[in-house]
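Engineer: The following block contains the structure, expressed as structure tokens.
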Amino acid sequence: MSIQKTFSGHGVTRRHFIKSAAAIAGGAAAALAMPAGVRSAFAQGDEVVRVGFVGPRSGPLGVFGEGDAFLVEQFNRHMADGVQVSDKRFGIQLILADTQSDPVRASQVAKDLINGEAVDLMLASSTPETVNPVADACEAAGVPCLSTTAPWESFYFGRGAKPGEPSPFKWTYHFCFGVGNFATLYADQWSKVETNKKVGVLLPNDADGNAIRGLLLPELEKAGFTMVDAGPYENGTADFSTQINLFRDEGCEIFNTFPFPPDFPVFWRQAAQKGLAQQIKICQLAKAGLFPAELESMGSLGYGLHAGAYWHKLFPFTSPATGMSSRVIAEGYEVSVGKQWNQQVGANASLLDAAVAALASSGNPKDKSMLAQALAGLKAETAVGPIDFTSGPVPNCATTGLVGVQWIKAAEGPWEYDLNIVSNAGHPFVPTTADMTAYRVQG
């Protein structure tokens, strides 16, 4: 297993960051390649907190981790003096591991970080296929774990917790949107375009799909929508003719899906070939449709697609762990990575934000029990907005907001697409930027 270690680096002001942005790409790569044994710049006698950071940085889900090198570089600069805990200052060493988009490997790299690197805290991000196996490994080993970017229901109930019963988890904590957030978002967003309220639903046979099928679809039916569920399918399916024919024949004017990102372009191209895309007025994506690269691969078929956003460059929040506003995070990512900003860079910044807040409030971040208690009562400001584990829907979980967005052809600038905020019922602190329009096949 390849484990990449990095200590925090030197401080930087926003002005210096903007001026030196062109050099960040190389600096970020260097940060991830730092060898073990490099000393951090902390006073002699101070301790270092070792933090594992697990995510998919290659494979089908690798796009979720494209901004991690950039974030680590900024974290190292901003957190150069470590974190103050009571009357003592602790350095922070991030140790990164790549799941390669494989749940089995996710579990293994987590165990390697626990047993081989003796991490004090584990961080995990991006889909249940990453979060759940990492959390299970930490729960078994008694290591505090904080995660994000997977519906909280898939984290909590998907790992064996039962409604109405005490939490079976002592060490693992998660913050993210949930089914209730989607229900609020969709009821509002889908009201902005006139339709027959018939919704074709394409859900995979995985933790996300099963949670959505069992919890979200009934809520949308209560809101007045007719759900046409094509049934579970396997990730990587190459032929969606059966599902497309069902939605077309049922007259669905809304389409909603939670697929692996590579699967949606396959489906939507086939939907256009068979006439379904021309019938759809709202094409609502989740899990897919988060990244500009997905849209770019579809050409004009991507113009007008709808989605939810858990972070946007116009969010009015700042990341305490990197010292950057949401807009500066997006700008820095584009310079560093050479690609258009995406939602996950802000979400992963929020994970670092919450981790620093937990370390600071723990009393002793080298004591795993105290650190777990800090997570249980954590209230923190992050790049995605405030999180509060004391008011979560269930123990071990806190929720974050969603806004409705629509991909459009960019009017100017270096990127093909722009992302309008069209609905904010689930995140009222975030202003909308445009009216939502119906999807229409171009050309």
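Identifiers for the structure tokens are assigned positionally: chains receive A, B, ... in sequence, residues are indexed from 1 per chain, and ligands are indexed from 1 in the order shown.
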With only C-alpha atoms counted and 8 Å as the cut-off, give the residues of region 80-197 of chain A in contact with region 337-361 of chain A, each with its shortest interatomic distance in Å and the pair that gives it, as a Markdown table.
Structural biologist:
```
| residue | atom | partner | partner_atom | distance |
| --- | --- | --- | --- | --- |
| A:Val83 | CA | A:Ala360 | CA | 6.3 |
| A:Gln84 | CA | A:Ala360 | CA | 6.0 |
| A:Val85 | CA | A:Ala360 | CA | 4.8 |
| A:Ser86 | CA | A:Ala360 | CA | 7.7 |
| A:Leu123 | CA | A:Leu351 | CA | 7.4 |
| A:Ser125 | CA | A:Asn348 | CA | 7.1 |
| A:Leu146 | CA | A:Ala355 | CA | 7.3 |
| A:Ser147 | CA | A:Leu351 | CA | 7.0 |
| A:Thr148 | CA | A:Leu351 | CA | 6.7 |
| A:Thr149 | CA | A:Ala347 | CA | 7.1 |
```
Engineer: Which of region 275-367 of chain A end up as helix (DSSP H, G or I) when DSSP is run on this backbone - answer as a ChimeraX atom specification?
Structural biologist: /A:276-279,292-296,299-302,326-337,343-361
Engineer: Which residues are near Phe155 (chain A)? Cut-off 8 Å, only C-alpha atoms, ignore same chain within fewer than 3 positions. Put them as an MDAnalysis selection string.
Structural biologist: chainID A and resid 128 131:132 150:152 158:159 174
Engineer: Excluding Val266 (chain A) and residues on its chain fewer than 4 positions from it, collect all residues at most 10 Å away from it, counting only C-alpha atoms, and give them as an MDAnalysis selection string.
Structural biologist: chainID A and resid 236:240 261:262 270:271 298
Engineer: So how far away is CA of Gly401 (chain A) from CA of Thr184 (chain A), in Å?
Structural biologist: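 Pair CA of Thr184 (chain A) / CA of Gly401 (chain A) returns 10.0 Å.
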Engineer: Dump as CSV the rows for residues of region 257-329 of chain A within 9 Å of region 198-211 of chain A: closest atom pair and distance in Å with one decimal, only C-alpha atoms counted, ordered by chain and rising residue number.
Structural biologist:
```
residue,atom,partner,partner_atom,distance
A:Thr257,CA,A:Leu202,CA,4.8
A:Phe258,CA,A:Leu203,CA,5.7
A:Pro259,CA,A:Pro204,CA,6.2
A:Phe260,CA,A:Pro204,CA,8.3
A:Lys287,CA,A:Asp208,CA,9.0
```
Engineer: May I have all residues of region 40-146 of chain A that DSSP, computed from the backbone, assigns to strand (DSSP E), given as JSON, numbers by chain?
Structural biologist: {"A": [48, 49, 50, 51, 52, 53, 54, 55, 83, 84, 85, 88, 89, 90, 91, 92, 93, 94, 95, 96, 97, 98, 121, 122, 123, 124, 125, 145, 146]}
Engineer: Which is closest to Ala309 (chain A) among A:Asp435, A:Gln279, A:Val430, A:Lys379, if we use only C-alpha atoms?
Structural biologist: A:Val430
Engineer: Could you check how far CA of Ser423 (chain A) sits from CA of Asp68 (chain A), in Å to one decimal?
Structural biologist: 28.2 Å
